[in-house]
Each structure stands twice: as C-alpha cells, then as structure tokens.
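A quick write-up on the structure given underneath.
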Amino acid sequence: GGWNLCQGQQPGVIENLRAASSNCQQVSLTWSATTCAQEYEFYRADDISRSGDCQTAFYNQIATKPASEVCPTTQCSWTDPSLLTPMTGYCYKIVAKNDNLTRGSNIAWVATPPCNPRNLAVDGKVCGKITTSWLPPEAGPLPNGYYLYKGFRENSCSPPQEPSSVCLKEKIIGCPNPKNGRCHWPDKKIVANKTYYYWITAYGIFDGQKLESEPAENSPQSTKSVCFPPVKWKER
C-alpha cells in the first residue's frame with residue numbers, strides 16, 4: 001500500500017497551524033495535513049500574555065492523536081479538551097511523527113475571551129431612562145468592561161458584532177454603579193412609548209486585542225419606555 005512509500009521518510013512541513021477560541025474556556029486548532037504523518041503530538045504553554053513570548057515558553061505535551069482521526073481530509077482540526085482559563089493567553093505547537101522521525105509546526109498564540117455576563121434585566125419604569133443591569137461572568141478574571149447593544153426588534157442584533165443602523169453599541173468601562181453584585185447602566189438615549197431590545201457582552205483587552213464574549217444567555221431583554229421627561233422652560 002501507499003504507506004510503504006513513507007517508510008523511513010520524515011513527515012512533510014506542517015503549514016498554517018492556527019489556534020482560535022471557540023468559547024471562553026476552549027481552544028481549537030486547525031492546520032493543513034502533511035505527508036507521511038502517522039500521528040500528531042500536541043503541546044501547550046500556559047498563561048502567556050504576549051505572542052512574542054511563545055518562542056521561549058515552556059511547553060507540556062497534552063495529547064497524541066492518530067493522523068487518521070484529526071486529518072480526515074487535507075484539513076486537520078483538534079479541540080483542546082482542557083477547561084482553560086478565560087482572558088488568558090496560550091501558545092500551541094504540534095509535532096508530526098512517522099515512527100521515530102518527527103517534524104514540528106509553527107507556533108500559534110491565542111487568548112481566550114471573557115465568559116459571558118449573566119442575568120440581564122431591563123427596567124423602563126422611570127420616566128426618561130431605561131436601566132439595564134447584569135451579573136459579571138461566573139468564571140475567570142473580571143472583564144475590562146462591557147458592550148451594551150440596543151435594537152428595535154428581537155433580531156436587530158446578533159452580538160458580538162459591529163454597530164449598524166439597526167443595532168447600536170455602547171462601550172461601558174468596568175462594572176458601573178455596582179449594587180448587590182450587579183452592574184447598572186442607565187440608557188437615556190430613548191424616545192417615549194417605544195420598545196427597546198438589549199443584549200450585553202463582556203470584553204477584555206489582551207496584547208492590544210479586544211476580545212469580546214458571547215452575549216448573556218437570556219439576551220435580548222426588552223421593555224417599553226414609559227414617557228419622556230418634559231422640556232424645562234426657562235423664564236426670560
């Protein structure tokens with residue numbers, strides 16, 4: 001069979017190893033299949049805050065997988081089964097093996113985003129503002145801040161996304177007006193008698209990158225603005 005062609009051959013060059021966070025505690029790797037690889041070894045370095053530090057980092061071997069399992073086609077993929085720490089940087093590299101002959105890959109750095117905020121609530125009972133409140137993420141360090149999205153329909157926004165004509169996006173630094181563990185943000189950019197829908201995500205800043213979480217699971221939350229404050233006339 002074809003395998004004999006690879007007897008005594010070093011595996012080919014591994015191209016395009018990439019690491020991406022699939023959620024706040026999980027990373028997946030992708031790369032292009034190489035020739036003459038029987039299996040792949042996976043290595044990870046933990047808590048690496050900058051991609052430039054990957055070269056000198058200490059790596060642990062975390063898994064070995066047969067090539068047939070991780071490379072069903074010319075594209076290969078593998079998800080790290082470890083529960084990683086949110087808002088943390090990791091370096092990955094892989095080694096292709098054919099008997100005792102090996103070839104290493106490039107190094108891929110990735111940072112996990114914050115976990116999503118929880119339990120979003122909206123209150124439109126006060127004239128002229130809608131107060132949004134939420135709980136910080138359950139796991140990991142506190143995020144640098146939050147993004148509050150606002151739309152006029154249930155499907156106006158699908159965070160994380162850039163703002164658009166139908167989906168407004170407000171950057172909130174830190175946890176504003178904390179009370180009973182919840183963050184509170186008054187939205188005064190409203191008009192009377194209109195229903196607004198809100199989503200909330202968390203963001204962290206890592207090696208110059210802004211990493212955004214998924215929205216709170218109970219997003220969107222909606223309420224109707226009850227009234228608008230009357231204009232105050234000045235006597236002249």
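A note on labels: chains of the structure tokens are A, B, ... as shown, every chain counts residues from 1, and ligands are counted from 1 in their shown order.
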Got a sec: who's within 10 Å of Lys169 (chain A), counting only C-alpha atoms, leaving out chain neighbours fewer than 5 positions off, as a list of chain:residue names?
A:Tyr147, A:Leu148, A:Tyr149, A:Lys150, A:Gly151, A:Cys157, A:Pro159, A:Pro160, A:Gln161, A:Glu162, A:Pro163, A:Ser164, A:Tyr198, A:Trp199, A:Ile200
Mind writing the picked residues with all heavy atoms as a compact mmCIF listing (two decimals), in the first residue's frame?
# COMPACT_ATOMS: atom_id res chain seq x y z
N TYR A 147 -20.09 45.63 26.50
CA TYR A 147 -20.77 46.29 25.38
C TYR A 147 -22.26 46.06 25.54
O TYR A 147 -22.71 44.91 25.65
CB TYR A 147 -20.32 45.71 24.04
CG TYR A 147 -18.94 46.15 23.61
CD1 TYR A 147 -17.92 45.22 23.48
CD2 TYR A 147 -18.67 47.49 23.32
CE1 TYR A 147 -16.65 45.61 23.08
CE2 TYR A 147 -17.40 47.88 22.92
CZ TYR A 147 -16.40 46.94 22.79
OH TYR A 147 -15.15 47.34 22.41
N LEU A 148 -23.00 47.17 25.55
CA LEU A 148 -24.47 47.08 25.59
C LEU A 148 -24.97 47.34 24.17
O LEU A 148 -24.67 48.37 23.58
CB LEU A 148 -25.03 48.12 26.55
CG LEU A 148 -26.55 48.08 26.76
CD1 LEU A 148 -26.95 46.81 27.51
CD2 LEU A 148 -27.02 49.32 27.53
N TYR A 149 -25.71 46.39 23.65
CA TYR A 149 -26.30 46.52 22.30
C TYR A 149 -27.78 46.87 22.46
O TYR A 149 -28.44 46.36 23.36
CB TYR A 149 -26.20 45.20 21.54
CG TYR A 149 -24.79 44.79 21.16
CD1 TYR A 149 -23.97 44.13 22.07
CD2 TYR A 149 -24.31 45.03 19.88
CE1 TYR A 149 -22.69 43.73 21.71
CE2 TYR A 149 -23.02 44.63 19.51
CZ TYR A 149 -22.22 43.98 20.44
OH TYR A 149 -20.96 43.59 20.08
N LYS A 150 -28.27 47.68 21.54
CA LYS A 150 -29.67 48.10 21.60
C LYS A 150 -30.26 48.06 20.20
O LYS A 150 -29.68 48.57 19.25
CB LYS A 150 -29.76 49.51 22.17
CG LYS A 150 -31.19 50.06 22.22
CD LYS A 150 -31.26 51.35 23.04
CE LYS A 150 -30.64 52.53 22.32
NZ LYS A 150 -30.87 53.81 23.06
N GLY A 151 -31.45 47.45 20.09
CA GLY A 151 -32.15 47.41 18.81
C GLY A 151 -33.64 47.61 19.02
O GLY A 151 -34.13 47.70 20.15
N CYS A 157 -29.95 42.65 16.58
CA CYS A 157 -28.53 42.47 16.87
C CYS A 157 -28.21 40.98 17.01
O CYS A 157 -29.07 40.21 17.44
CB CYS A 157 -28.14 43.15 18.18
SG CYS A 157 -28.52 44.92 18.26
N PRO A 159 -24.87 39.85 18.62
CA PRO A 159 -23.52 40.07 19.14
C PRO A 159 -22.72 38.77 19.24
O PRO A 159 -23.31 37.71 19.35
CB PRO A 159 -23.77 40.64 20.54
CG PRO A 159 -25.21 41.03 20.59
CD PRO A 159 -25.91 40.16 19.61
N PRO A 160 -21.36 38.89 19.23
CA PRO A 160 -20.61 40.14 19.06
C PRO A 160 -20.60 40.60 17.61
O PRO A 160 -20.44 39.76 16.72
CB PRO A 160 -19.21 39.77 19.55
CG PRO A 160 -19.12 38.30 19.44
CD PRO A 160 -20.49 37.74 19.53
N GLN A 161 -20.77 41.89 17.38
CA GLN A 161 -20.80 42.44 16.02
C GLN A 161 -20.43 43.92 16.08
O GLN A 161 -20.33 44.52 17.14
CB GLN A 161 -22.20 42.29 15.41
CG GLN A 161 -23.26 43.14 16.12
CD GLN A 161 -24.58 43.23 15.36
OE1 GLN A 161 -25.39 42.35 15.44
NE2 GLN A 161 -24.77 44.33 14.64
N GLU A 162 -20.21 44.49 14.90
CA GLU A 162 -20.00 45.93 14.81
C GLU A 162 -21.36 46.61 14.86
O GLU A 162 -22.37 46.01 14.48
CB GLU A 162 -19.28 46.28 13.49
CG GLU A 162 -17.83 45.82 13.44
CD GLU A 162 -17.00 46.34 14.60
OE1 GLU A 162 -17.03 47.57 14.85
OE2 GLU A 162 -16.34 45.54 15.28
N PRO A 163 -21.43 47.88 15.32
CA PRO A 163 -22.72 48.57 15.32
C PRO A 163 -23.23 48.78 13.89
O PRO A 163 -22.44 48.79 12.95
CB PRO A 163 -22.42 49.91 16.00
CG PRO A 163 -20.94 50.08 15.91
CD PRO A 163 -20.35 48.71 15.86
N SER A 164 -24.55 48.90 13.75
CA SER A 164 -25.15 49.12 12.42
C SER A 164 -26.32 50.07 12.57
O SER A 164 -26.62 50.54 13.67
CB SER A 164 -25.64 47.78 11.85
OG SER A 164 -26.74 47.31 12.60
N TYR A 198 -32.35 44.73 24.33
CA TYR A 198 -30.97 44.89 24.78
C TYR A 198 -30.25 43.54 24.85
O TYR A 198 -30.83 42.52 25.21
CB TYR A 198 -30.94 45.51 26.18
CG TYR A 198 -31.41 46.95 26.21
CD1 TYR A 198 -32.76 47.25 26.44
CD2 TYR A 198 -30.52 48.00 26.02
CE1 TYR A 198 -33.21 48.57 26.47
CE2 TYR A 198 -30.96 49.32 26.05
CZ TYR A 198 -32.29 49.60 26.27
OH TYR A 198 -32.73 50.90 26.30
N TRP A 199 -28.96 43.60 24.50
CA TRP A 199 -28.03 42.48 24.65
C TRP A 199 -26.82 43.00 25.41
O TRP A 199 -26.49 44.18 25.32
CB TRP A 199 -27.54 41.99 23.29
CG TRP A 199 -28.55 41.38 22.37
CD1 TRP A 199 -28.68 40.05 22.06
CD2 TRP A 199 -29.54 42.05 21.57
NE1 TRP A 199 -29.68 39.86 21.14
CE2 TRP A 199 -30.23 41.07 20.82
CE3 TRP A 199 -29.92 43.39 21.41
CZ2 TRP A 199 -31.27 41.37 19.95
CZ3 TRP A 199 -30.95 43.70 20.54
CH2 TRP A 199 -31.62 42.70 19.82
N ILE A 200 -26.12 42.12 26.15
CA ILE A 200 -24.91 42.56 26.85
C ILE A 200 -23.80 41.53 26.63
O ILE A 200 -24.03 40.33 26.71
CB ILE A 200 -25.19 42.78 28.37
CG1 ILE A 200 -23.99 43.42 29.07
CG2 ILE A 200 -25.58 41.48 29.07
CD1 ILE A 200 -23.90 44.89 28.94
Spatial neighbours of Ala96 (chain A), 7 Å, only C-alpha atoms, chain gap at least 6 places, as a PDB file with N, CA and C atoms, in the first residue's frame:
ATOM      1  N   PRO A  11       8.133  13.261   8.155  1.00  0.00           N
ATOM      2  CA  PRO A  11       6.880  13.916   7.730  1.00  0.00           C
ATOM      3  C   PRO A  11       7.169  15.252   7.034  1.00  0.00           C
ATOM      4  N   ALA A  37       2.657  11.520   7.867  1.00  0.00           N
ATOM      5  CA  ALA A  37       2.458  11.647   9.317  1.00  0.00           C
ATOM      6  C   ALA A  37       1.579  10.494   9.791  1.00  0.00           C
ATOM      7  N   GLU A  39       1.028  10.102  13.207  1.00  0.00           N
ATOM      8  CA  GLU A  39       0.318  10.698  14.339  1.00  0.00           C
ATOM      9  C   GLU A  39       0.847  12.103  14.608  1.00  0.00           C
ATOM     10  N   TYR A  40       0.072  12.818  15.424  1.00  0.00           N
ATOM     11  CA  TYR A  40       0.448  14.179  15.809  1.00  0.00           C
ATOM     12  C   TYR A  40       0.505  14.277  17.330  1.00  0.00           C
ATOM     13  N   GLU A  41       1.545  14.969  17.812  1.00  0.00           N
ATOM     14  CA  GLU A  41       1.642  15.284  19.241  1.00  0.00           C
ATOM     15  C   GLU A  41       1.291  16.763  19.415  1.00  0.00           C
ATOM     16  N   THR A 102      10.417  12.954  13.114  1.00  0.00           N
ATOM     17  CA  THR A 102       9.442  13.985  13.503  1.00  0.00           C
ATOM     18  C   THR A 102       9.634  15.262  12.705  1.00  0.00           C
ATOM     19  N   ARG A 103       8.576  16.091  12.679  1.00  0.00           N
ATOM     20  CA  ARG A 103       8.686  17.448  12.149  1.00  0.00           C
ATOM     21  C   ARG A 103       7.738  18.352  12.932  1.00  0.00           C
ATOM     22  N   GLY A 104       8.257  19.498  13.397  1.00  0.00           N
ATOM     23  CA  GLY A 104       7.464  20.435  14.196  1.00  0.00           C
ATOM     24  C   GLY A 104       6.751  21.463  13.329  1.00  0.00           C
TER      25      GLY A 104
END
For region 215-229 of chain A, find every residue with an atom within 7 Å (counting only C-alpha atoms), except residues of its own chain fewer than 5 positions away, and show them as number ranges by chain.
A: 116-125, 127-128, 130, 154, 159, 191-201
Nearest to Trp109 (chain A): which of A:Leu83, A:Leu168, A:Ala202, A:Cys54 is it, counting only C-alpha atoms?
A:Cys54
